[in-house]
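Novice: Dropping the structure in here first, questions after.
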Amino acid sequence: MNDDYKMLNRKSITSMYIGYAISFIFLIIIFYGIYYLMGIYNNEYLDYAKYVMIALTFITIIYIIIAPHIYYRHYRYLVTNEKIDIRRGIIILRRILVPIERIHQVEITKGPINNALGLADIEVTTAGGKVKLEFLDSQDAEQIAEMLNEFIRSMIKNRGSSIEQQ
Amino acid sequence: MNSSEGIRHHPSIIIEQLLGVLFTLAILFFVLYETTSYSKYLFLLAIISVIVSYLWWKKTLIYFEDDELVIERNLVSKVKKTIPYNKIASVNIERKILNRLFGTSALKININSGVNALEPEATLVFKEDFAVKVRAELSAKLFDHSYAECVAADDVKPLINFTFKDILIHSIFGMPTGQSLLALIFLAWTIISLFLQGSGVMVPLILFILTEILPSLGGVIKFYNFKMYRNGDSIHVQHGMLQTYRSSFKISRINAVCIKQPFLARLLKKSSIELEVVGLSDSNGKQPTICLLANDALIPGVMNELLPEFIYDHHSIKQPAVAKYPILFGYSLAAIVAVLILVAVGFISMPYILDIGGLNSSSSIVYIFGLLAVLTVASLFVAAHQSYTIREFDMGKDLFTFVNGIVDRETSIVSYDRVQIIETRSSHIARHFDLAKCKISLLSSMGERNITSGYFYENELSKVSDRIMERLRDGEYDYRLNGA
């Protein structure tokens, strides 16, 4: 793999853990809600439901413990003046490539967790969809977004001047 | 066509807009008439709706400037929409029943944008002859051929004459196989119910009508009098029985060409051609068809005449033998999940089935669910085999091709320059054999569309992204032709 590829900040693991923990709380509330409703209606499969929910909770906990570390280890990104190249994944590894020429819009987003940890996401929009560069250092994110915006601006300017020349 | 004074929509647009509102209010009136005293307020609402619609019509002005179309509305707030002619991807004419009654046509103007891919950027309603004139003049600006050529378009001899029989065949055999199979099951259910019980026919019959008869009838109405031809660098398509649909677009606006061969059509050795052109999806979100099901032997000729830009020497690659392993693994997982679901459903539904009395012993239920499980697993393994044999991949200088499908074969020919995002993905088992799948995202008739390849060696698939970048680097990519 190209050495120029960058890894994420280690704080991304903390951000993922907090995000997963919040999702997990919602999951437990949903499980408990289903179990409670089944109890109200004296559902005969209450015991089976309980075992299924315990099994699912156990699998989710294991995933939550392991996933952020694997995601962090697999995540690599490269931004050049030609393309954005991202490698990421947990079980299925993906390599996502976006030619800079296809980018219409660049957006920086900082959720409350990422903001507290000094992290930010960059979302680039093309005519065929959006791609996210996640858990970047806020400063890095600002620099990358500025660089991408500069590329887009100069591209539009060059095209404008070439049309005028014609 | 330059109009310094604004033009208004045809007044029939007021009725068109009000129809739905007044119909809803009328229903509410009949429902509430006897029970409450609020029904009189519905009259007030109806009057307000009429006034608002009238003012909307009165205050909306359309200007055809030298380089742009401007739509201005000065109602509660001032709205000004400007559409430069060079951004327009297609101009279509639609004639619904109401348009026919009032002698009008709706001009649908689409720009090449993913945001507005489903809805036209502007819909203008004019008297039919004026709409045809506007469309012809816009076409002349967009497609570089004269107004006279457009007016005479109806007289142009189409490439293939589709008879009523061809349209009927397309409507029946062009359906996805899943839908045809479902209709066949409902038909069998209807026949069995009729002969064995003599009752309970209505439900399966209605389901059969909904899955087969109505869509086929819809197809016949939609594709009636189907004509397509090429004029210069633009393609014209016209069809429709109750609603005439005319569409024109530049070749450069085509993002991909899809040759479709549903299973039943393959048996008849027939294929149809659909295109990905922004703004041209129909109300069901389907891609525009430029060639109904025609004999496979005719398709190269149609491609040659209509879309020579999408022809190249194919040297297709089949999935390598080792691709069987990740495919088999995926389908085995699906089979395990399907069997587990069937076991759970069988277990939960057993007391209810015994209660209803359809079957008199639990062993019969076990046999039936067992049979269902065996059939499901067998179909999944047939699907795995088909998935392995059908998928192909092919690269040319300007275009590449993905062949996909399990029962319905779809060949997508895509220009490198239209690909927006490239994603290669591999599971652990695929990585073991250096295999990956490639998903490309492009702007489509319906907004964004993804096309995914089968399993091929990763180094082969990465050539697609390499080629895209190479074209950008070497200046082969022309943004003026491809700007979205």
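By order in the structure tokens, chains are A, B, ...; within a chain, residues start at 1; ligands start at 1, following the order shown.
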Would you kindly return, as a PyMOL selection string, each protein, DNA or RNA residue with an atom no farther than 7 Å from any atom of segment 403-410 of chain B, considering only C-alpha atoms and excluding same-chain residues fewer than 6 positions away?
Specialist: chain B and resi 176-177+258-263+383+386-387+390-393+453
Novice: Would you mind exporting the chosen residues as a PDB file, in the first residue's frame, restricted to N, CA, C and O atoms?
Specialist:
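The resulting result_13.pdb:
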ATOM      1  N   PRO B 176     -40.075  -8.072 -15.191  1.00  0.00           N
ATOM      2  CA  PRO B 176     -39.064  -8.833 -14.457  1.00  0.00           C
ATOM      3  C   PRO B 176     -39.583 -10.253 -14.157  1.00  0.00           C
ATOM      4  O   PRO B 176     -40.781 -10.425 -13.919  1.00  0.00           O
ATOM      5  N   THR B 177     -38.688 -11.231 -14.176  1.00  0.00           N
ATOM      6  CA  THR B 177     -39.103 -12.630 -14.000  1.00  0.00           C
ATOM      7  C   THR B 177     -39.779 -12.856 -12.651  1.00  0.00           C
ATOM      8  O   THR B 177     -40.724 -13.639 -12.549  1.00  0.00           O
ATOM      9  N   CYS B 258     -28.454   0.279 -21.273  1.00  0.00           N
ATOM     10  CA  CYS B 258     -28.723  -1.033 -20.652  1.00  0.00           C
ATOM     11  C   CYS B 258     -29.483  -1.912 -21.633  1.00  0.00           C
ATOM     12  O   CYS B 258     -30.582  -1.555 -22.069  1.00  0.00           O
ATOM     13  N   ILE B 259     -28.885  -3.039 -21.972  1.00  0.00           N
ATOM     14  CA  ILE B 259     -29.585  -4.016 -22.820  1.00  0.00           C
ATOM     15  C   ILE B 259     -30.195  -5.040 -21.876  1.00  0.00           C
ATOM     16  O   ILE B 259     -29.480  -5.703 -21.127  1.00  0.00           O
ATOM     17  N   LYS B 260     -31.531  -5.148 -21.895  1.00  0.00           N
ATOM     18  CA  LYS B 260     -32.221  -5.998 -20.915  1.00  0.00           C
ATOM     19  C   LYS B 260     -32.768  -7.257 -21.566  1.00  0.00           C
ATOM     20  O   LYS B 260     -33.362  -7.199 -22.640  1.00  0.00           O
ATOM     21  N   GLN B 261     -32.561  -8.373 -20.884  1.00  0.00           N
ATOM     22  CA  GLN B 261     -33.077  -9.653 -21.354  1.00  0.00           C
ATOM     23  C   GLN B 261     -33.710 -10.407 -20.184  1.00  0.00           C
ATOM     24  O   GLN B 261     -33.052 -11.234 -19.556  1.00  0.00           O
ATOM     25  N   PRO B 262     -34.985 -10.105 -19.871  1.00  0.00           N
ATOM     26  CA  PRO B 262     -35.643 -10.895 -18.834  1.00  0.00           C
ATOM     27  C   PRO B 262     -35.689 -12.375 -19.267  1.00  0.00           C
ATOM     28  O   PRO B 262     -35.626 -12.663 -20.473  1.00  0.00           O
ATOM     29  N   PHE B 263     -35.826 -13.289 -18.306  1.00  0.00           N
ATOM     30  CA  PHE B 263     -35.721 -14.717 -18.586  1.00  0.00           C
ATOM     31  C   PHE B 263     -36.651 -15.159 -19.726  1.00  0.00           C
ATOM     32  O   PHE B 263     -36.224 -15.841 -20.662  1.00  0.00           O
ATOM     33  N   ALA B 383     -29.636 -20.098  -8.099  1.00  0.00           N
ATOM     34  CA  ALA B 383     -29.317 -18.667  -8.241  1.00  0.00           C
ATOM     35  C   ALA B 383     -27.802 -18.453  -8.162  1.00  0.00           C
ATOM     36  O   ALA B 383     -27.235 -17.650  -8.920  1.00  0.00           O
ATOM     37  N   GLN B 386     -26.304 -19.467 -11.427  1.00  0.00           N
ATOM     38  CA  GLN B 386     -26.607 -18.472 -12.449  1.00  0.00           C
ATOM     39  C   GLN B 386     -25.766 -17.213 -12.247  1.00  0.00           C
ATOM     40  O   GLN B 386     -25.255 -16.636 -13.196  1.00  0.00           O
ATOM     41  N   SER B 387     -25.638 -16.809 -10.972  1.00  0.00           N
ATOM     42  CA  SER B 387     -24.867 -15.611 -10.641  1.00  0.00           C
ATOM     43  C   SER B 387     -23.413 -15.799 -11.093  1.00  0.00           C
ATOM     44  O   SER B 387     -22.766 -14.842 -11.511  1.00  0.00           O
ATOM     45  N   ILE B 390     -23.583 -15.935 -15.380  1.00  0.00           N
ATOM     46  CA  ILE B 390     -24.052 -14.785 -16.185  1.00  0.00           C
ATOM     47  C   ILE B 390     -23.109 -13.591 -16.152  1.00  0.00           C
ATOM     48  O   ILE B 390     -22.859 -12.952 -17.156  1.00  0.00           O
ATOM     49  N   ARG B 391     -22.549 -13.294 -14.995  1.00  0.00           N
ATOM     50  CA  ARG B 391     -21.811 -12.031 -14.843  1.00  0.00           C
ATOM     51  C   ARG B 391     -20.532 -11.967 -15.690  1.00  0.00           C
ATOM     52  O   ARG B 391     -19.768 -12.926 -15.707  1.00  0.00           O
ATOM     53  N   GLU B 392     -20.383 -10.849 -16.360  1.00  0.00           N
ATOM     54  CA  GLU B 392     -19.197 -10.642 -17.198  1.00  0.00           C
ATOM     55  C   GLU B 392     -18.682  -9.218 -16.994  1.00  0.00           C
ATOM     56  O   GLU B 392     -19.398  -8.365 -16.478  1.00  0.00           O
ATOM     57  N   PHE B 393     -17.462  -9.000 -17.440  1.00  0.00           N
ATOM     58  CA  PHE B 393     -16.836  -7.684 -17.302  1.00  0.00           C
ATOM     59  C   PHE B 393     -15.980  -7.449 -18.539  1.00  0.00           C
ATOM     60  O   PHE B 393     -15.382  -8.382 -19.062  1.00  0.00           O
ATOM     61  N   SER B 453     -20.380  -5.028 -10.211  1.00  0.00           N
ATOM     62  CA  SER B 453     -19.899  -6.139 -11.045  1.00  0.00           C
ATOM     63  C   SER B 453     -19.988  -7.442 -10.266  1.00  0.00           C
ATOM     64  O   SER B 453     -20.313  -7.449  -9.084  1.00  0.00           O
TER      65      SER B 453
END
Novice: Compute the set of chain A residues within 6 Å of chain B, using only C-alpha atoms, and express it as a ChimeraX atom specification.
Specialist: /A:92-98,102,127-128
Novice: Please dump the current selection as an mmCIF file, in the first residue's frame; keep C-alpha atoms.
Specialist:
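Below is the file result31.cif, written as the result:
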data_model
loop_
_atom_site.group_PDB
_atom_site.id
_atom_site.type_symbol
_atom_site.label_atom_id
_atom_site.label_comp_id
_atom_site.auth_asym_id
_atom_site.auth_seq_id
_atom_site.Cartn_x
_atom_site.Cartn_y
_atom_site.Cartn_z
ATOM 1 C CA ILE A 92 -15.921 -6.259 4.067
ATOM 2 C CA LEU A 93 -13.031 -4.018 3.036
ATOM 3 C CA ARG A 94 -13.878 -1.195 0.660
ATOM 4 C CA ARG A 95 -11.711 1.077 -1.428
ATOM 5 C CA ILE A 96 -13.594 4.198 -2.452
ATOM 6 C CA LEU A 97 -12.194 6.489 -5.092
ATOM 7 C CA VAL A 98 -13.607 9.891 -6.035
ATOM 8 C CA ARG A 102 -16.463 14.990 -10.104
ATOM 9 C CA ALA A 127 -23.613 13.799 -9.171
ATOM 10 C CA GLY A 128 -23.599 10.081 -8.323
#
Novice: Would you list the contacts of segment 50-65 of chain A as an MDAnalysis selection string, taking every protein, DNA or RNA residue within 9 Å and counting only C-alpha atoms, but skipping same-chain residues closer than 2 positions in sequence?
Specialist: chainID A and resid 16:17 20:21 24 27:28 31:32 35 45:48 67:69
Novice: To one decimal in Å, tell me the separation between atom CA of Gln243 of chain B and atom CA of Lys96 of chain B.
Specialist: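 Computing the Euclidean distance for atom CA of Gln243 of chain B and atom CA of Lys96 of chain B yields 4.7 Å.
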Novice: Could you jot down the atom CA of Tyr77 of chain A to atom CA of Val106 of chain A separation for me, Å, one decimal place?
Specialist: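 About the pair atom CA of Tyr77 of chain A and atom CA of Val106 of chain A: they are 16.3 Å apart.
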Novice: Per DSSP on the backbone, what are the strand (DSSP E) residues of segment 2-150 of chain A, as a PyMOL selection string?
Specialist: chain A and resi 76-79+83-89+93-99+103-109+119-126+129-137
Novice: Keeping only N, CA and C atoms, take the residues you just selected and write them out as a compact mmCIF listing (two decimals), in the first residue's frame.
Specialist:
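Output saved as again-v3.txt:
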# COMPACT_ATOMS: atom_id res chain seq x y z
N ARG A 76 -7.63 3.95 5.98
CA ARG A 76 -6.55 4.73 5.38
C ARG A 76 -7.17 5.71 4.41
N TYR A 77 -6.59 6.92 4.30
CA TYR A 77 -7.12 7.84 3.30
C TYR A 77 -5.99 8.63 2.65
N LEU A 78 -6.27 9.04 1.44
CA LEU A 78 -5.29 9.80 0.67
C LEU A 78 -6.03 10.87 -0.13
N VAL A 79 -5.63 12.11 0.03
CA VAL A 79 -6.25 13.18 -0.77
C VAL A 79 -5.15 13.83 -1.59
N LYS A 83 -7.52 12.97 -6.78
CA LYS A 83 -8.54 12.04 -6.25
C LYS A 83 -8.59 12.01 -4.74
N ILE A 84 -9.72 11.48 -4.26
CA ILE A 84 -9.82 11.12 -2.84
C ILE A 84 -9.87 9.60 -2.82
N ASP A 85 -9.03 8.99 -2.04
CA ASP A 85 -8.94 7.53 -2.01
C ASP A 85 -9.11 7.08 -0.55
N ILE A 86 -10.14 6.30 -0.28
CA ILE A 86 -10.40 5.87 1.10
C ILE A 86 -10.44 4.34 1.15
N ARG A 87 -9.76 3.77 2.13
CA ARG A 87 -9.83 2.32 2.36
C ARG A 87 -10.38 2.12 3.75
N ARG A 88 -11.47 1.39 3.85
CA ARG A 88 -12.07 1.20 5.16
C ARG A 88 -12.93 -0.06 5.18
N GLY A 89 -13.36 -0.44 6.37
CA GLY A 89 -14.25 -1.59 6.50
C GLY A 89 -13.94 -2.40 7.73
N LEU A 93 -13.93 -5.16 3.23
CA LEU A 93 -13.03 -4.02 3.04
C LEU A 93 -13.40 -3.30 1.74
N ARG A 94 -13.50 -1.98 1.83
CA ARG A 94 -13.88 -1.20 0.66
C ARG A 94 -12.77 -0.21 0.31
N ARG A 95 -12.58 -0.01 -0.98
CA ARG A 95 -11.71 1.08 -1.43
C ARG A 95 -12.58 2.01 -2.26
N ILE A 96 -12.72 3.24 -1.77
CA ILE A 96 -13.59 4.20 -2.45
C ILE A 96 -12.74 5.28 -3.09
N LEU A 97 -12.99 5.51 -4.37
CA LEU A 97 -12.19 6.49 -5.09
C LEU A 97 -13.10 7.55 -5.74
N VAL A 98 -12.82 8.79 -5.44
CA VAL A 98 -13.61 9.89 -6.03
C VAL A 98 -12.67 10.82 -6.79
N PRO A 99 -12.78 10.89 -8.12
CA PRO A 99 -11.95 11.87 -8.84
C PRO A 99 -12.36 13.29 -8.40
N ILE A 103 -16.32 16.29 -8.03
CA ILE A 103 -16.89 16.83 -6.79
C ILE A 103 -17.63 18.14 -7.05
N HIS A 104 -18.85 18.21 -6.51
CA HIS A 104 -19.65 19.43 -6.64
C HIS A 104 -19.59 20.28 -5.38
N GLN A 105 -19.53 19.59 -4.24
CA GLN A 105 -19.70 20.30 -2.97
C GLN A 105 -18.86 19.62 -1.88
N VAL A 106 -18.32 20.43 -0.99
CA VAL A 106 -17.55 19.89 0.14
C VAL A 106 -18.15 20.45 1.43
N GLU A 107 -18.37 19.57 2.38
CA GLU A 107 -19.03 20.01 3.61
C GLU A 107 -18.29 19.42 4.82
N ILE A 108 -18.04 20.26 5.81
CA ILE A 108 -17.43 19.75 7.05
C ILE A 108 -18.53 19.61 8.09
N THR A 109 -18.61 18.47 8.74
CA THR A 109 -19.61 18.32 9.81
C THR A 109 -18.91 17.88 11.11
N LEU A 119 -12.54 16.33 16.51
CA LEU A 119 -12.59 15.61 15.23
C LEU A 119 -13.67 16.20 14.33
N ALA A 120 -13.60 15.87 13.05
CA ALA A 120 -14.61 16.35 12.10
C ALA A 120 -14.72 15.38 10.92
N ASP A 121 -15.87 15.40 10.26
CA ASP A 121 -16.08 14.60 9.05
C ASP A 121 -16.11 15.53 7.84
N ILE A 122 -15.64 15.04 6.71
CA ILE A 122 -15.79 15.80 5.46
C ILE A 122 -16.71 14.99 4.56
N GLU A 123 -17.75 15.65 4.03
CA GLU A 123 -18.65 14.96 3.11
C GLU A 123 -18.53 15.61 1.74
N VAL A 124 -18.14 14.80 0.75
CA VAL A 124 -18.06 15.36 -0.61
C VAL A 124 -19.25 14.84 -1.41
N THR A 125 -19.85 15.74 -2.18
CA THR A 125 -21.02 15.39 -3.00
C THR A 125 -20.64 15.39 -4.46
N THR A 126 -21.00 14.30 -5.14
CA THR A 126 -20.83 14.23 -6.60
C THR A 126 -22.22 14.04 -7.20
N GLY A 129 -23.61 10.61 -5.95
CA GLY A 129 -23.75 10.27 -4.53
C GLY A 129 -22.75 11.01 -3.65
N LYS A 130 -22.76 10.64 -2.38
CA LYS A 130 -21.89 11.31 -1.41
C LYS A 130 -20.87 10.34 -0.83
N VAL A 131 -19.73 10.87 -0.44
CA VAL A 131 -18.71 10.04 0.22
C VAL A 131 -18.22 10.79 1.44
N LYS A 132 -18.00 10.06 2.53
CA LYS A 132 -17.61 10.69 3.78
C LYS A 132 -16.19 10.29 4.17
N LEU A 133 -15.39 11.27 4.54
CA LEU A 133 -14.08 11.03 5.17
C LEU A 133 -14.32 11.27 6.66
N GLU A 134 -14.27 10.20 7.44
CA GLU A 134 -14.71 10.33 8.84
C GLU A 134 -13.55 10.51 9.82
N PHE A 135 -13.90 11.00 10.98
CA PHE A 135 -13.02 11.08 12.16
C PHE A 135 -11.66 11.73 11.88
N LEU A 136 -11.66 12.80 11.09
CA LEU A 136 -10.39 13.49 10.82
C LEU A 136 -10.12 14.50 11.93
N ASP A 137 -8.87 14.83 12.14
CA ASP A 137 -8.53 15.92 13.04
C ASP A 137 -9.20 17.19 12.51
Novice: Could you write out, as a ChimeraX atom specification, all the residues of segment 94-283 of chain B that DSSP marks as helix (DSSP H, G or I)?
Specialist: /B:97-102,128-143,147-155,164-173,177-197,202-223,251-253,263-267
Novice: Can you pull out the residues contacting segment 331-339 of chain B? Cut-off 7 Å, using only C-alpha atoms, and skip same-chain residues under 3 positions away; I want them as a VMD selection string.
Specialist: chain B and resid 327 to 328 342 to 343 373 377 380 to 381 384
Novice: Pick from B:Leu124, B:Leu19, B:Ile93, B:Cys291: nearest to Ile62 of chain B, with only C-alpha atoms counted?
Specialist: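 Looking at the shortest contact to Ile62 of chain B, the residue is B:Leu124.
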Novice: Quick one: distance from atom CA of Val277 of chain B to atom CA of Ile156 of chain A in Å, one decimal?
Specialist: 23.9 Å
Novice: Taking only C-alpha atoms into account, name the residue in A:Ser138, A:Glu101, A:Leu117, A:Ser23 that is nearest to Ser154 of chain A.
Specialist: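 Checking each candidate against Ser154 of chain A, we get A:Glu101 as the closest.
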Novice: Which one of B:Ser193, B:His170, B:Leu61, B:Lys227 sits closest to Leu268 of chain B if you count only C-alpha atoms?
Specialist: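 Among the listed residues, B:His170 lies closest to Leu268 of chain B.
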Novice: Excluding Val52 of chain B and any residue of its chain fewer than 6 positions from it, enumerate the residues within 10 Å of it, using only C-alpha atoms, and give them as a list in words.
Specialist: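 Neighbouring residues, sequence-local ones excluded: Ile14, Leu18, Ala46, Lys58 and Leu75 of chain B.
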